[in-house]
$ cat model24.txt   # compact mmCIF, C-alpha atoms
# COMPACT_ATOMS: atom_id res chain seq x y z
CA MET A 1 0.00 0.00 0.00
CA SER A 2 1.33 3.45 -0.90
CA LYS A 3 1.86 6.11 1.78
CA LYS A 4 -0.98 8.13 0.30
CA ALA A 5 -3.37 5.18 0.42
CA ALA A 6 -2.31 4.30 3.97
CA LYS A 7 -2.90 7.88 5.10
CA ALA A 8 -6.35 7.85 3.50
CA GLU A 9 -7.19 4.58 5.25
CA VAL A 10 -6.11 5.97 8.62
CA GLY A 11 -8.14 9.11 8.01
CA ALA A 12 -11.22 7.11 7.08
CA VAL A 13 -11.35 5.57 10.56
CA GLY A 14 -11.95 9.00 12.06
CA LYS A 15 -10.53 11.13 14.85
CA ALA A 16 -12.99 9.90 17.51
CA ALA A 17 -12.09 6.24 16.94
CA TRP A 18 -8.35 6.90 17.15
CA LEU A 19 -8.79 8.96 20.32
CA ALA A 20 -10.75 6.07 21.86
CA ILE A 21 -7.89 3.69 21.09
CA MET A 22 -5.35 6.13 22.50
CA ARG A 23 -7.48 6.59 25.61
CA SER A 24 -7.60 2.85 26.23
CA MET A 25 -3.81 2.56 25.93
CA MET A 26 -3.06 5.63 28.06
CA LEU A 27 -5.51 4.64 30.79
CA ALA A 28 -4.08 1.12 30.95
CA ARG A 29 -0.48 2.36 31.10
CA LEU A 30 -1.19 4.90 33.84
CA ALA A 31 -3.38 2.51 35.84
CA GLU A 32 -0.81 -0.28 35.73
CA GLU A 33 2.01 2.06 36.71
CA ARG A 34 -0.12 3.04 39.72
CA LEU A 35 -0.88 -0.63 40.50
CA VAL A 36 2.86 -1.37 40.51
CA ARG A 37 3.38 1.32 43.15
CA LEU A 38 0.42 0.10 45.20
CA TYR A 39 1.81 -3.44 45.03
CA HIS A 40 5.17 -2.36 46.41
CA GLN A 41 3.31 -0.48 49.15
CA GLY A 42 1.66 -3.76 50.16
CA LYS A 43 -1.86 -2.60 49.28
CA ILE A 44 -2.66 -5.06 46.48
CA PHE A 45 -4.21 -8.44 47.25
CA GLY A 46 -2.27 -10.93 45.13
CA GLY A 47 0.29 -10.26 42.41
CA VAL A 48 0.44 -7.64 39.70
CA TYR A 49 0.99 -8.77 36.11
CA THR A 50 1.14 -5.84 33.73
CA GLY A 51 0.75 -5.40 30.01
CA ILE A 52 3.09 -2.41 29.91
CA GLY A 53 4.49 -2.29 26.38
CA GLN A 54 1.66 -4.46 25.02
CA GLU A 55 -1.26 -2.03 25.27
CA ALA A 56 -1.80 -1.74 21.51
CA ILE A 57 -3.05 -5.29 21.11
CA GLY A 58 -6.22 -5.10 23.20
CA ALA A 59 -6.97 -1.47 22.36
CA ALA A 60 -6.59 -1.86 18.60
CA THR A 61 -8.49 -5.13 18.28
CA THR A 62 -11.47 -4.46 20.53
CA ALA A 63 -12.06 -1.15 18.75
CA ALA A 64 -12.43 -3.07 15.49
CA CYS A 65 -15.33 -5.15 16.78
CA GLY A 66 -19.04 -4.77 17.33
CA GLU A 67 -21.61 -4.73 20.10
CA HIS A 68 -22.31 -8.47 20.18
CA ASP A 69 -18.74 -9.74 19.82
CA LEU A 70 -17.03 -11.76 22.56
CA PHE A 71 -13.57 -11.68 24.13
CA THR A 72 -11.45 -13.73 26.50
CA PRO A 73 -8.58 -11.63 27.89
CA CYS A 74 -5.48 -12.91 29.66
CA ILE A 75 -3.42 -11.37 32.46
CA ARG A 76 -1.84 -8.62 30.32
CA ASN A 77 -5.00 -7.48 28.55
CA MET A 78 -6.27 -4.54 30.59
CA THR A 79 -6.89 -2.73 27.30
CA VAL A 80 -9.41 -5.43 26.39
CA HIS A 81 -11.43 -4.55 29.50
CA LEU A 82 -11.04 -0.79 29.04
CA GLY A 83 -11.53 -0.98 25.28
CA ARG A 84 -14.87 -2.71 25.80
CA GLY A 85 -16.13 -0.13 28.27
CA GLU A 86 -14.98 -1.16 31.74
CA CYS A 87 -14.21 1.85 33.96
CA VAL A 88 -10.78 2.25 35.51
CA LEU A 89 -12.43 2.72 38.92
CA ASN A 90 -13.66 -0.88 38.82
CA VAL A 91 -10.15 -2.02 37.91
CA PHE A 92 -8.74 -0.43 41.08
CA ARG A 93 -11.62 -1.79 43.14
CA GLN A 94 -10.82 -5.27 41.88
CA TYR A 95 -7.08 -5.11 42.58
CA LEU A 96 -7.64 -3.57 46.01
CA GLY A 97 -10.17 -6.27 46.91
CA ARG A 98 -13.05 -3.86 47.53
CA ALA A 99 -16.62 -4.99 48.11
CA THR A 100 -17.67 -2.55 45.38
CA GLY A 101 -15.52 -4.26 42.73
CA PRO A 102 -16.57 -6.63 39.93
CA THR A 103 -16.07 -9.74 42.09
CA ARG A 104 -16.92 -7.97 45.39
CA GLY A 105 -13.45 -8.67 46.74
CA ARG A 106 -13.94 -12.43 46.43
CA ASP A 107 -11.62 -13.54 43.62
CA GLY A 108 -8.10 -13.10 42.29
CA ASN A 109 -7.45 -9.60 41.05
CA VAL A 110 -7.14 -10.56 37.37
CA HIS A 111 -10.18 -12.86 37.50
CA TYR A 112 -12.78 -10.34 36.41
CA GLY A 113 -14.82 -9.59 33.33
CA ASN A 114 -18.10 -8.03 32.29
CA MET A 115 -20.47 -10.00 30.12
CA LYS A 116 -22.49 -6.85 29.38
CA ASN A 117 -19.37 -5.78 27.48
CA GLY A 118 -18.85 -9.24 25.98
CA VAL A 119 -15.77 -9.87 28.13
CA TYR A 120 -15.46 -13.20 29.90
CA ALA A 121 -13.65 -13.36 33.23
CA MET A 122 -10.32 -15.15 32.91
CA ILE A 123 -8.98 -17.89 35.14
CA SER A 124 -5.36 -18.72 35.95
CA HIS A 125 -5.32 -21.87 33.83
CA LEU A 126 -4.34 -19.98 30.69
CA GLY A 127 -5.95 -21.48 27.62
CA ALA A 128 -8.95 -22.86 29.49
CA MET A 129 -11.23 -20.00 28.41
CA LEU A 130 -10.60 -20.51 24.69
CA PRO A 131 -13.09 -23.39 24.33
CA VAL A 132 -15.58 -21.32 26.36
CA LEU A 133 -15.28 -18.46 23.88
CA VAL A 134 -15.79 -20.80 20.94
CA GLY A 135 -18.96 -22.11 22.56
CA GLY A 136 -20.15 -18.60 23.36
CA VAL A 137 -19.73 -17.45 19.76
CA MET A 138 -21.58 -20.54 18.50
CA ALA A 139 -24.43 -19.96 20.95
CA ARG A 140 -24.88 -16.32 19.99
CA ARG A 141 -24.81 -17.09 16.29
CA ARG A 142 -27.49 -19.76 16.76
CA ARG A 143 -29.58 -17.01 18.36
CA GLY A 144 -29.20 -14.93 15.21
CA MET A 145 -26.40 -12.61 16.33
CA ASP A 146 -23.59 -11.82 13.90
CA THR A 147 -21.00 -12.55 16.60
CA VAL A 148 -17.24 -12.83 16.13
CA GLY A 149 -14.84 -13.72 18.95
CA ILE A 150 -11.27 -12.81 19.78
CA ALA A 151 -9.39 -15.18 22.10
CA TYR A 152 -6.18 -13.73 23.53
CA ILE A 153 -3.39 -16.10 24.50
CA GLY A 154 0.33 -15.88 25.20
CA ASP A 155 3.02 -17.80 23.34
CA GLY A 156 3.56 -20.17 26.27
CA ALA A 157 -0.09 -21.18 26.58
CA THR A 158 -0.21 -22.23 22.92
CA SER A 159 1.45 -25.41 24.19
CA THR A 160 -1.60 -26.35 26.26
CA GLY A 161 -4.22 -28.89 25.29
CA ASP A 162 -7.04 -26.35 25.66
CA PHE A 163 -5.47 -24.18 22.97
CA HIS A 164 -5.25 -27.10 20.54
CA GLU A 165 -8.77 -28.34 21.25
CA ALA A 166 -10.32 -24.89 20.90
CA VAL A 167 -8.54 -24.08 17.63
CA ASN A 168 -9.23 -27.50 16.16
CA PHE A 169 -12.92 -27.45 17.11
CA ALA A 170 -13.39 -23.91 15.79
CA ALA A 171 -11.60 -24.80 12.56
CA VAL A 172 -13.70 -27.91 11.93
CA ASN A 173 -16.94 -26.05 12.63
CA ASP A 174 -16.07 -22.74 10.92
CA VAL A 175 -16.58 -20.74 14.09
CA PRO A 176 -15.59 -17.08 13.47
CA VAL A 177 -12.91 -16.68 16.12
CA ILE A 178 -9.53 -14.98 15.88
CA PHE A 179 -7.08 -16.79 18.13
CA LEU A 180 -4.72 -13.92 18.89
CA ILE A 181 -1.30 -15.02 20.11
CA GLU A 182 0.67 -12.36 21.98
CA ASN A 183 4.21 -13.53 21.29
CA ASN A 184 6.21 -11.68 23.93
CA LYS A 185 9.14 -14.09 23.54
CA TYR A 186 8.96 -15.68 27.00
CA ALA A 187 6.58 -18.09 28.76
CA TYR A 188 7.42 -16.71 32.20
CA SER A 189 11.21 -17.23 31.84
CA THR A 190 11.21 -19.87 29.08
CA PRO A 191 12.36 -18.41 25.73
CA ASN A 192 10.67 -19.23 22.43
CA SER A 193 13.66 -21.39 21.44
CA ASP A 194 12.74 -23.83 24.22
CA GLN A 195 9.01 -23.74 23.47
CA PHE A 196 8.53 -24.53 19.79
CA ARG A 197 10.47 -25.33 16.60
CA CYS A 198 8.34 -23.58 13.96
CA LYS A 199 9.62 -20.22 12.77
CA ARG A 200 6.44 -18.38 13.71
CA LEU A 201 3.46 -19.54 15.78
CA ALA A 202 1.16 -18.42 12.96
CA ASP A 203 2.72 -21.25 10.92
CA ARG A 204 0.71 -23.69 13.03
CA ALA A 205 -2.46 -22.52 11.30
CA ALA A 206 -1.73 -24.76 8.32
CA GLY A 207 -1.99 -27.82 10.54
CA TYR A 208 -5.56 -26.87 11.39
CA GLY A 209 -6.43 -25.99 7.80
CA ILE A 210 -6.98 -22.31 8.61
CA GLU A 211 -5.34 -18.99 7.80
CA GLY A 212 -2.51 -17.60 9.90
CA VAL A 213 -1.31 -13.99 9.82
CA CYS A 214 1.48 -12.09 11.57
CA ALA A 215 1.22 -8.52 12.83
CA ASP A 216 3.26 -5.94 14.69
CA GLY A 217 1.72 -5.99 18.15
CA ASN A 218 3.27 -2.62 19.00
CA ASP A 219 1.70 -0.81 16.04
CA ALA A 220 -1.80 0.16 17.22
CA VAL A 221 -2.66 1.91 13.96
CA GLY A 222 -1.64 -0.91 11.64
CA LEU A 223 -3.11 -3.57 13.93
CA HIS A 224 -6.47 -1.80 14.12
CA LEU A 225 -6.70 -1.50 10.34
CA LEU A 226 -5.76 -5.17 9.93
CA THR A 227 -8.28 -6.35 12.53
CA ARG A 228 -11.08 -4.33 10.93
CA GLU A 229 -10.37 -6.13 7.68
CA LEU A 230 -10.17 -9.56 9.29
CA VAL A 231 -13.34 -9.14 11.36
CA ALA A 232 -15.27 -8.00 8.29
CA GLY A 233 -13.98 -11.07 6.46
CA LEU A 234 -15.07 -13.41 9.25
CA ARG A 235 -18.55 -11.90 9.24
CA ALA A 236 -18.84 -12.41 5.49
CA LYS A 237 -17.38 -15.92 5.61
CA PRO A 238 -17.39 -17.42 9.13
CA ARG A 239 -14.20 -19.33 9.94
CA ALA A 240 -11.44 -19.57 12.51
CA MET A 241 -7.98 -18.08 12.11
CA LEU A 242 -4.72 -17.49 13.97
CA MET A 243 -3.12 -14.07 14.36
CA GLU A 244 0.34 -13.77 15.90
CA CYS A 245 1.30 -10.38 17.32
CA ASP A 246 4.99 -9.65 17.81
CA THR A 247 5.63 -7.81 21.09
CA LEU A 248 7.60 -7.87 24.35
CA ARG A 249 6.55 -7.23 27.92
CA MET A 250 8.50 -4.35 29.44
CA ARG A 251 8.51 -5.73 32.97
CA GLY A 252 8.89 -9.20 34.47
CA HIS A 253 6.28 -11.93 34.33
CA GLY A 254 4.89 -10.24 37.44
CA GLU A 255 6.14 -7.63 39.87
CA HIS A 256 7.82 -10.38 41.88
CA ASP A 257 10.08 -11.12 38.88
CA ASP A 258 13.04 -8.95 37.87
CA ALA A 259 13.17 -10.41 34.31
CA SER A 260 16.96 -10.78 34.56
CA TYR A 261 16.73 -13.63 32.03
CA VAL A 262 15.69 -11.21 29.23
CA PRO A 263 18.69 -9.75 27.34
CA ARG A 264 18.95 -6.00 27.95
CA GLU A 265 19.48 -5.32 24.24
CA LEU A 266 16.12 -6.98 23.49
CA VAL A 267 14.36 -4.81 26.06
CA GLU A 268 16.04 -1.71 24.64
CA GLU A 269 14.99 -2.66 21.11
CA TYR A 270 11.32 -2.94 22.05
CA ALA A 271 11.44 0.11 24.30
CA LYS A 272 12.12 2.10 21.13
CA ARG A 273 8.89 0.65 19.72
CA ASP A 274 6.67 1.83 22.58
CA PRO A 275 3.09 1.42 21.26
CA ILE A 276 1.69 4.59 22.79
CA ARG A 277 4.47 6.82 21.51
CA ALA A 278 4.39 5.15 18.08
CA ALA A 279 0.64 5.66 17.67
CA TRP A 280 0.84 9.23 18.99
CA GLU A 281 3.57 10.13 16.49
CA ARG A 282 1.85 8.53 13.51
CA LEU A 283 -1.56 10.06 14.16
CA MET A 284 0.01 13.51 14.49
CA LYS A 285 2.26 13.05 11.44
CA GLU A 286 -0.67 12.07 9.25
CA GLY A 287 -2.78 14.94 10.56
CA VAL A 288 -5.55 12.70 11.86
CA VAL A 289 -5.36 13.82 15.48
CA PRO A 290 -3.74 17.14 16.52
CA ARG A 291 -1.19 17.26 19.31
CA GLU A 292 -3.45 19.46 21.43
CA ALA A 293 -6.12 16.73 21.47
CA LEU A 294 -3.60 14.09 22.50
CA ASP A 295 -2.13 16.31 25.21
CA GLN A 296 -5.61 17.01 26.54
CA LEU A 297 -6.44 13.29 26.46
CA GLU A 298 -3.33 12.40 28.45
CA ARG A 299 -4.15 14.98 31.11
CA ALA A 300 -7.71 13.67 31.35
CA CYS A 301 -6.46 10.08 31.72
CA ARG A 302 -4.05 11.06 34.50
CA GLU A 303 -6.84 12.83 36.36
CA GLU A 304 -9.20 9.86 35.90
CA VAL A 305 -6.63 7.39 37.24
CA ASP A 306 -5.84 9.62 40.23
CA ARG A 307 -9.53 10.00 41.11
CA ALA A 308 -10.20 6.29 40.66
CA TYR A 309 -7.48 4.86 42.86
CA HIS A 310 -8.09 7.40 45.63
CA GLN A 311 -11.79 6.58 45.61
CA ALA A 312 -11.15 2.81 45.59
CA LEU A 313 -8.72 3.13 48.52
CA ASN A 314 -11.48 4.77 50.56
CA GLU A 315 -14.12 2.14 49.77
CA PRO A 316 -14.77 -0.82 52.12
CA PRO A 317 -13.42 -4.37 51.86
CA PRO A 318 -15.97 -7.20 52.01
CA ASP A 319 -17.72 -7.74 55.33
CA PRO A 320 -16.58 -11.08 56.88
CA ALA A 321 -20.23 -11.72 57.80
CA THR A 322 -20.97 -12.18 54.07
CA LEU A 323 -18.33 -14.92 53.68
CA LEU A 324 -20.87 -17.59 52.72
CA ASP A 325 -22.92 -15.37 50.39
CA GLY A 326 -22.89 -16.74 46.87
CA VAL A 327 -21.11 -19.98 47.76
CA TYR A 328 -24.25 -22.02 47.10
CA ALA A 329 -27.18 -21.35 44.80
CA ASP A 330 -30.33 -20.09 46.49
CA ALA A 331 -33.05 -22.71 46.91
$ encode --input "model24.txt" --output "structure tokens"
Amino acid sequence: MSKKAAKAEVGAVGKAAWLAIMRSMMLARLAEERLVRLYHQGKIFGGVYTGIGQEAIGAATTAACGEHDLFTPCIRNMTVHLGRGECVLNVFRQYLGRATGPTRGRDGNVHYGNMKNGVYAMISHLGAMLPVLVGGVMARRRRGMDTVGIAYIGDGATSTGDFHEAVNFAAVNDVPVIFLIENNKYAYSTPNSDQFRCKRLADRAAGYGIEGVCADGNDAVGLHLLTRELVAGLRAKPRAMLMECDTLRMRGHGEHDDASYVPRELVEEYAKRDPIRAAWERLMKEGVVPREALDQLERACREEVDRAYHQALNEPPPDPATLLDGVYADA
């Protein structure tokens, strides 16, 4: 595609849509930076696993989808939640274990979702929610909804049985699901070279008889345009496909991990490809979004994050007297 054509395509999406994507990325970055500080202050219940450096993937892909589409995020996909309409206040409530949060302070801090937004709650057995998403998409389509699903998974979890079963079942039954692999080079501390022998994980698509595509997971603009095209194609001709996004997490597996096993030169390489800065620069260069609008958006996001975590800190934890509420179904 020529530069002129690419600029026209970016412009066709519209300023409001690009600002929404930028908002999702900025909010996630600022919220997770705050969560890191709260974790080291001993105020977070459980660990903190951030998607810092990977924000483009959830923001760009959710913005390319529709009202009735379904999503299964993993531990680094805060932009999936925010991109589908979750408020950052609820994110802080969840991590701080507040009774006002999505799980009322009763589950692990990453184990939340919102089915009104089409987002399933994840569980720690990564890969286990992929078959659930396939079933959810099938159920909605049988009810007459033009539903497409995006299942997010890391490179390490592609080695699980649930991943294989979900992809194979969706392929055989032409279920319109994009299995999006976030290849951040390490399954915790295990490098790709010790995980698989194929050159790219998208190469596995051929074994299932489906299409596989590769994308730059740090390029929010390009990834959004690609996903719009793919989702439209899946609506026109329902089928499963693999999409591998090249990226790198900028912190350890979790805040308990110093990531000393990752070569510094690799971190430095991907730091230069920061997804927020890259999208900001491209949108300004192509005249789609002016700098003033982006500056104003960043200030608004900082204020929203500050208000949210202060409010969540002042809200109550669950009352011990309610310990047995919701354990068993009501008669």
$ atom_distance --input "model24.txt" --atom1 "CA of Gln296 (chain A)" --atom2 "CA of Cys65 (chain A)"
26.1 Å
$ atom_distance --input "model24.txt" --atom1 "CA of Phe71 (chain A)" --atom2 "CA of Leu133 (chain A)"
7.0 Å
$ closest_residue --input "model24.txt" --among "A:Gly83, A:Gly212, A:Gly14, A:Gly161" --to "Leu27 (chain A)" --atoms "only C-alpha atoms"
A:Gly83
$ closest_residue --input "model24.txt" --among "A:Leu19, A:Ala151, A:Val175, A:Ile181" --to "Arg291 (chain A)" --atoms "only C-alpha atoms"
A:Leu19
$ residues_around --input "model24.txt" --residues "Val289 (chain A)" --least-positions-apart "3" --cutoff "6 Å" --atoms "all atoms listed in the file" --output "count of residues only"
3
$ residues_near_point --input "model24.txt" --point "(-13.3, -25.6, 21.8)" --cutoff "7 Å" --atoms "all atoms listed in the file" --output "list in words"
Leu130, Pro131, Val132, Val134, Gly135, Glu165, Ala166, Val167, Phe169 and Ala170 of chain A
$ residues_around --input "model24.txt" --residues "Ala20 (chain A)" --least-positions-apart "4" --cutoff "10 Å" --atoms "only C-alpha atoms" --output "list in words"
Lys15, Ala16, Ser24, Met25, Met26, Ala59, Ala60, Ala63, Leu82, Gly83 and Leu297 of chain A
$ residues_around --input "model24.txt" --residues "Arg106 (chain A)" --least-positions-apart "4" --cutoff "10 Å" --atoms "only C-alpha atoms" --output "list in words"
Gln94, Gly97, Arg98, Ala99, Gly101, Pro102, His111, Pro317, Pro318, Leu323 and Gly326 of chain A
$ write_last_selection --input "model24.txt" --atoms "C-alpha atoms" --output "PDB file, in the coordinates of the input"
ATOM      1  CA  GLN A  94     -10.820  -5.270  41.880  1.00  0.00           C
ATOM      2  CA  GLY A  97     -10.170  -6.270  46.910  1.00  0.00           C
ATOM      3  CA  ARG A  98     -13.050  -3.860  47.530  1.00  0.00           C
ATOM      4  CA  ALA A  99     -16.620  -4.990  48.110  1.00  0.00           C
ATOM      5  CA  GLY A 101     -15.520  -4.260  42.730  1.00  0.00           C
ATOM      6  CA  PRO A 102     -16.570  -6.630  39.930  1.00  0.00           C
ATOM      7  CA  HIS A 111     -10.180 -12.860  37.500  1.00  0.00           C
ATOM      8  CA  PRO A 317     -13.420  -4.370  51.860  1.00  0.00           C
ATOM      9  CA  PRO A 318     -15.970  -7.200  52.010  1.00  0.00           C
ATOM     10  CA  LEU A 323     -18.330 -14.920  53.680  1.00  0.00           C
ATOM     11  CA  GLY A 326     -22.890 -16.740  46.870  1.00  0.00           C
TER      12      GLY A 326
END
$ atom_distance --input "model24.txt" --atom1 "CA of Leu225 (chain A)" --atom2 "CA of Ala240 (chain A)"
18.8 Å
$ closest_residue --input "model24.txt" --among "A:Pro275, A:Gly47, A:Gly85, A:Pro176" --to "Ala232 (chain A)" --atoms "only C-alpha atoms"
A:Pro176
$ residues_around --input "model24.txt" --residues "Leu248 (chain A)" --least-positions-apart "6" --cutoff "12 Å" --atoms "all atoms listed in the file" --output "ChimeraX atom specification"
/A:50-57,76,154-155,182-188,191-192,216-218,259,262-263,266-275
$ residues_around --input "model24.txt" --residues "region 307-309 of chain A" --least-positions-apart "4" --cutoff "7 Å" --atoms "only C-alpha atoms" --output "list in words"
Val88, Leu89, Phe92, Glu303 and Leu313 of chain A
$ closest_residue --input "model24.txt" --among "A:Phe163, A:Tyr49, A:Tyr39, A:Trp18" --to "Gly254 (chain A)" --atoms "only C-alpha atoms"
A:Tyr49
$ closest_residue --input "model24.txt" --among "A:Asp257, A:Gly108, A:Arg249, A:Ala220" --to "Arg282 (chain A)" --atoms "only C-alpha atoms"
A:Ala220
$ closest_residue --input "model24.txt" --among "A:Glu244, A:Thr79, A:Thr62, A:Val231" --to "Asp146 (chain A)" --atoms "all atoms listed in the file"
A:Val231
$ decode --input "model24.txt" --residues "region 303-321 of chain A" --atoms "C-alpha atoms" --output "short mmCIF file (atom, residue, chain, number, x, y, z; two decimals), in the first residue's frame"
data_model
loop_
_atom_site.label_atom_id
_atom_site.label_comp_id
_atom_site.auth_asym_id
_atom_site.auth_seq_id
_atom_site.Cartn_x
_atom_site.Cartn_y
_atom_site.Cartn_z
CA GLU A 303 -6.84 12.83 36.36
CA GLU A 304 -9.20 9.86 35.90
CA VAL A 305 -6.63 7.39 37.24
CA ASP A 306 -5.84 9.62 40.23
CA ARG A 307 -9.53 10.00 41.11
CA ALA A 308 -10.20 6.29 40.66
CA TYR A 309 -7.48 4.86 42.86
CA HIS A 310 -8.09 7.40 45.63
CA GLN A 311 -11.79 6.58 45.61
CA ALA A 312 -11.15 2.81 45.59
CA LEU A 313 -8.72 3.13 48.52
CA ASN A 314 -11.48 4.77 50.56
CA GLU A 315 -14.12 2.14 49.77
CA PRO A 316 -14.77 -0.82 52.12
CA PRO A 317 -13.42 -4.37 51.86
CA PRO A 318 -15.97 -7.20 52.01
CA ASP A 319 -17.72 -7.74 55.33
CA PRO A 320 -16.58 -11.08 56.88
CA ALA A 321 -20.23 -11.72 57.80
#
